[in-house]
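Structure first, then comments.
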Amino acid sequence: MKFSEKVYKITKKIPRGRVSTYGEIAHALNTKAYRAVGSALNKNPYAPIVPCHRVVNSDGKIGGFADGTNKKIKMLEKEGIKVKNNRIVNFDKKFFRLNLIFNYII
DNA sequence: CTAATGACATTTG
DNA sequence: ACAAATGCCATTA
């Protein structure tokens, strides 16, 4: 299985209204290639199915998007995620930890 | 094979 | 808090 396909597979687990990070995805894949994760999502062929817009930077900043960061923000706000000054509001509460089992609590 | 390239992350000034 | 520098690794040329 190619690296990019693993990225898509893990990204699909991020639910509506939550976000995760490139580094977190890499961590879930047991690698440090967070930068390559970004490259993979950039070319994401399963555009709407794989929610690549729910992946942001480790500090809560929006990060990039193939269709433009503005579009990414719009999609996130449609899911109830607020964005201010290019940052996720309440990032710690919206953050989806892919490697933990505690996601269902919040 | 080598080198360049990012939708990044951390550290430093 | 922000910007620059550094390190990073799969992909691509």
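In the structure tokens, chains take letters A, B, ... by order of appearance, with residues numbered from 1 within each chain and ligands from 1 in the order shown.
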Please identify all polymer residues within 10 Å of C:DC8, counting only C-alpha atoms (C1' of nucleotides), omitting same-chain residues fewer than 5 positions from it, and present them as a count of residues only.
-> 7
Distance query B:DT5 at most 12 Å, only C-alpha atoms (C1' of nucleotides), self and fewer than 6 positions along chain excluded, as a PDB file with N, CA, C and O atoms (P, O5', C5', C4', C3', O3' and C1' of nucleotides), in the first residue's frame:
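As a result, result27.pdb now contains:
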ATOM      1  N   ARG A  35       5.450  16.157   6.685  1.00  0.00           N
ATOM      2  CA  ARG A  35       5.527  17.007   5.505  1.00  0.00           C
ATOM      3  C   ARG A  35       5.033  16.259   4.274  1.00  0.00           C
ATOM      4  O   ARG A  35       4.355  16.814   3.413  1.00  0.00           O
ATOM      5  N   ALA A  36       5.375  15.007   4.205  1.00  0.00           N
ATOM      6  CA  ALA A  36       4.910  14.176   3.096  1.00  0.00           C
ATOM      7  C   ALA A  36       3.399  13.977   3.192  1.00  0.00           C
ATOM      8  O   ALA A  36       2.727  13.811   2.175  1.00  0.00           O
ATOM      9  N   SER A  39       1.903  16.776   1.388  1.00  0.00           N
ATOM     10  CA  SER A  39       2.047  16.586  -0.058  1.00  0.00           C
ATOM     11  C   SER A  39       1.002  15.621  -0.577  1.00  0.00           C
ATOM     12  O   SER A  39       0.416  15.825  -1.640  1.00  0.00           O
TER      13      SER A  39
ATOM     14  P    DC C   9      12.837  12.006   8.896  1.00  0.00           P
ATOM     15  O5'  DC C   9      11.954  11.678   7.606  1.00  0.00           O
ATOM     16  C5'  DC C   9      10.547  11.630   7.710  1.00  0.00           C
ATOM     17  C4'  DC C   9       9.935  11.542   6.323  1.00  0.00           C
ATOM     18  C3'  DC C   9      10.607  10.534   5.397  1.00  0.00           C
ATOM     19  O3'  DC C   9       9.641   9.981   4.554  1.00  0.00           O
ATOM     20  C1'  DC C   9      10.621  12.602   4.397  1.00  0.00           C
ATOM     21  P    DA C  10       9.697   8.516   4.062  1.00  0.00           P
ATOM     22  O5'  DA C  10       8.645   8.550   2.859  1.00  0.00           O
ATOM     23  C5'  DA C  10       7.312   8.884   3.167  1.00  0.00           C
ATOM     24  C4'  DA C  10       6.670   9.598   1.993  1.00  0.00           C
ATOM     25  C3'  DA C  10       6.747   8.823   0.682  1.00  0.00           C
ATOM     26  O3'  DA C  10       5.533   9.037  -0.015  1.00  0.00           O
ATOM     27  C1'  DA C  10       7.844  10.910   0.449  1.00  0.00           C
ATOM     28  P    DT C  11       5.191   8.204  -1.335  1.00  0.00           P
ATOM     29  O5'  DT C  11       5.083   9.376  -2.411  1.00  0.00           O
ATOM     30  C5'  DT C  11       5.887  10.493  -2.218  1.00  0.00           C
ATOM     31  C4'  DT C  11       5.579  11.577  -3.234  1.00  0.00           C
ATOM     32  C3'  DT C  11       5.545  11.085  -4.683  1.00  0.00           C
ATOM     33  O3'  DT C  11       4.742  11.970  -5.434  1.00  0.00           O
ATOM     34  C1'  DT C  11       7.476  12.408  -4.320  1.00  0.00           C
ATOM     35  P    DT C  12       4.371  11.606  -6.955  1.00  0.00           P
ATOM     36  O5'  DT C  12       5.355  12.512  -7.803  1.00  0.00           O
ATOM     37  C5'  DT C  12       5.454  13.901  -7.498  1.00  0.00           C
ATOM     38  C4'  DT C  12       6.604  14.528  -8.264  1.00  0.00           C
ATOM     39  C3'  DT C  12       6.764  14.036  -9.709  1.00  0.00           C
ATOM     40  O3'  DT C  12       6.820  15.175 -10.552  1.00  0.00           O
ATOM     41  C1'  DT C  12       8.830  13.937  -8.559  1.00  0.00           C
ATOM     42  P    DA C  13       6.882  15.050 -12.176  1.00  0.00           P
ATOM     43  O5'  DA C  13       8.294  15.716 -12.503  1.00  0.00           O
ATOM     44  C5'  DA C  13       8.747  16.805 -11.699  1.00  0.00           C
ATOM     45  C4'  DA C  13      10.154  17.195 -12.102  1.00  0.00           C
ATOM     46  C3'  DA C  13      10.503  16.926 -13.558  1.00  0.00           C
ATOM     47  O3'  DA C  13      11.377  17.940 -14.017  1.00  0.00           O
ATOM     48  C1'  DA C  13      11.914  15.626 -12.181  1.00  0.00           C
TER      49       DA C  13
END
May I have the residues within 12 Å of C:DA4 as number ranges by chain, using only C-alpha atoms (C1' of nucleotides) and disregarding those fewer than 3 positions away in the same chain?
-> B: 11-13
Would you save the residues of that selection, restricted to all heavy atoms, as a PDB file, in the first residue's frame?
ATOM      1  P    DT B  11      11.001  22.189  20.229  1.00  0.00           P
ATOM      2  OP1  DT B  11      11.496  21.114  21.097  1.00  0.00           O
ATOM      3  OP2  DT B  11       9.849  23.017  20.642  1.00  0.00           O
ATOM      4  O5'  DT B  11      12.212  23.178  19.890  1.00  0.00           O
ATOM      5  C5'  DT B  11      13.178  22.770  18.934  1.00  0.00           C
ATOM      6  C4'  DT B  11      14.031  23.959  18.492  1.00  0.00           C
ATOM      7  O4'  DT B  11      13.316  24.756  17.524  1.00  0.00           O
ATOM      8  C3'  DT B  11      14.420  24.911  19.626  1.00  0.00           C
ATOM      9  O3'  DT B  11      15.778  25.283  19.446  1.00  0.00           O
ATOM     10  C2'  DT B  11      13.474  26.091  19.426  1.00  0.00           C
ATOM     11  C1'  DT B  11      13.376  26.111  17.922  1.00  0.00           C
ATOM     12  N1   DT B  11      12.183  26.770  17.363  1.00  0.00           N
ATOM     13  C2   DT B  11      12.366  27.676  16.349  1.00  0.00           C
ATOM     14  O2   DT B  11      13.469  27.969  15.904  1.00  0.00           O
ATOM     15  N3   DT B  11      11.217  28.231  15.850  1.00  0.00           N
ATOM     16  C4   DT B  11       9.926  27.975  16.264  1.00  0.00           C
ATOM     17  O4   DT B  11       8.976  28.544  15.730  1.00  0.00           O
ATOM     18  C5   DT B  11       9.797  27.019  17.341  1.00  0.00           C
ATOM     19  C7   DT B  11       8.438  26.671  17.872  1.00  0.00           C
ATOM     20  C6   DT B  11      10.926  26.466  17.828  1.00  0.00           C
ATOM     21  P    DT B  12      16.523  26.152  20.567  1.00  0.00           P
ATOM     22  OP1  DT B  12      17.889  25.608  20.700  1.00  0.00           O
ATOM     23  OP2  DT B  12      15.665  26.319  21.746  1.00  0.00           O
ATOM     24  O5'  DT B  12      16.624  27.567  19.812  1.00  0.00           O
ATOM     25  C5'  DT B  12      17.138  27.605  18.487  1.00  0.00           C
ATOM     26  C4'  DT B  12      17.074  29.023  17.949  1.00  0.00           C
ATOM     27  O4'  DT B  12      15.729  29.346  17.552  1.00  0.00           O
ATOM     28  C3'  DT B  12      17.494  30.105  18.952  1.00  0.00           C
ATOM     29  O3'  DT B  12      18.282  31.077  18.273  1.00  0.00           O
ATOM     30  C2'  DT B  12      16.165  30.695  19.402  1.00  0.00           C
ATOM     31  C1'  DT B  12      15.367  30.585  18.113  1.00  0.00           C
ATOM     32  N1   DT B  12      13.904  30.585  18.260  1.00  0.00           N
ATOM     33  C2   DT B  12      13.160  31.295  17.347  1.00  0.00           C
ATOM     34  O2   DT B  12      13.668  31.934  16.444  1.00  0.00           O
ATOM     35  N3   DT B  12      11.804  31.241  17.524  1.00  0.00           N
ATOM     36  C4   DT B  12      11.126  30.553  18.505  1.00  0.00           C
ATOM     37  O4   DT B  12       9.900  30.580  18.551  1.00  0.00           O
ATOM     38  C5   DT B  12      11.954  29.828  19.436  1.00  0.00           C
ATOM     39  C7   DT B  12      11.325  29.056  20.543  1.00  0.00           C
ATOM     40  C6   DT B  12      13.296  29.880  19.268  1.00  0.00           C
ATOM     41  P    DG B  13      19.131  32.151  19.144  1.00  0.00           P
ATOM     42  OP1  DG B  13      20.527  32.022  18.683  1.00  0.00           O
ATOM     43  OP2  DG B  13      18.818  32.025  20.576  1.00  0.00           O
ATOM     44  O5'  DG B  13      18.550  33.531  18.610  1.00  0.00           O
ATOM     45  C5'  DG B  13      18.615  33.835  17.220  1.00  0.00           C
ATOM     46  C4'  DG B  13      17.857  35.113  16.940  1.00  0.00           C
ATOM     47  O4'  DG B  13      16.446  34.861  17.012  1.00  0.00           O
ATOM     48  C3'  DG B  13      18.138  36.230  17.939  1.00  0.00           C
ATOM     49  O3'  DG B  13      18.146  37.486  17.258  1.00  0.00           O
ATOM     50  C2'  DG B  13      16.958  36.140  18.886  1.00  0.00           C
ATOM     51  C1'  DG B  13      15.843  35.744  17.931  1.00  0.00           C
ATOM     52  N9   DG B  13      14.726  35.064  18.553  1.00  0.00           N
ATOM     53  C8   DG B  13      14.770  34.182  19.603  1.00  0.00           C
ATOM     54  N7   DG B  13      13.588  33.743  19.954  1.00  0.00           N
ATOM     55  C5   DG B  13      12.713  34.362  19.075  1.00  0.00           C
ATOM     56  C6   DG B  13      11.305  34.275  18.962  1.00  0.00           C
ATOM     57  O6   DG B  13      10.522  33.604  19.636  1.00  0.00           O
ATOM     58  N1   DG B  13      10.825  35.079  17.923  1.00  0.00           N
ATOM     59  C2   DG B  13      11.605  35.856  17.120  1.00  0.00           C
ATOM     60  N2   DG B  13      10.969  36.555  16.183  1.00  0.00           N
ATOM     61  N3   DG B  13      12.926  35.946  17.213  1.00  0.00           N
ATOM     62  C4   DG B  13      13.400  35.174  18.212  1.00  0.00           C
TER      63       DG B  13
END
Atomic separation - atom CA of A:Thr21 relative to atom CA of A:Asp59, Å =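 Between atom CA of A:Asp59 and atom CA of A:Thr21 the gap works out to 8.9 Å.
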Could you tell me, as a VMD selection string, which residues of chain A DSSP assigns to helix (DSSP H, G or I) when given the backbone?
-> chain A and resid 3 to 11 22 to 28 34 to 42 52 to 54 69 to 78 91 to 94 102 to 104
Go through chain A and collect every residue that DSSP, computed from the backbone, puts in strand (DSSP E); the answer should be as a PyMOL selection string.
-> chain A and resi 20-21+55-56+83-84+87-88
Between atom CA of A:Ser58 and atom CA of A:Phe91, distance in Å (one decimal) =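 We find that atom CA of A:Ser58 and atom CA of A:Phe91 lie 9.6 Å from each other.
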What's the 9 Å shell around stretch 70-74 of chain A, counting only C-alpha atoms (C1' of nucleotides), without same-chain residues fewer than 6 positions away, as a PyMOL selection string?
-> chain A and resi 52-54+62+64+81-83+86
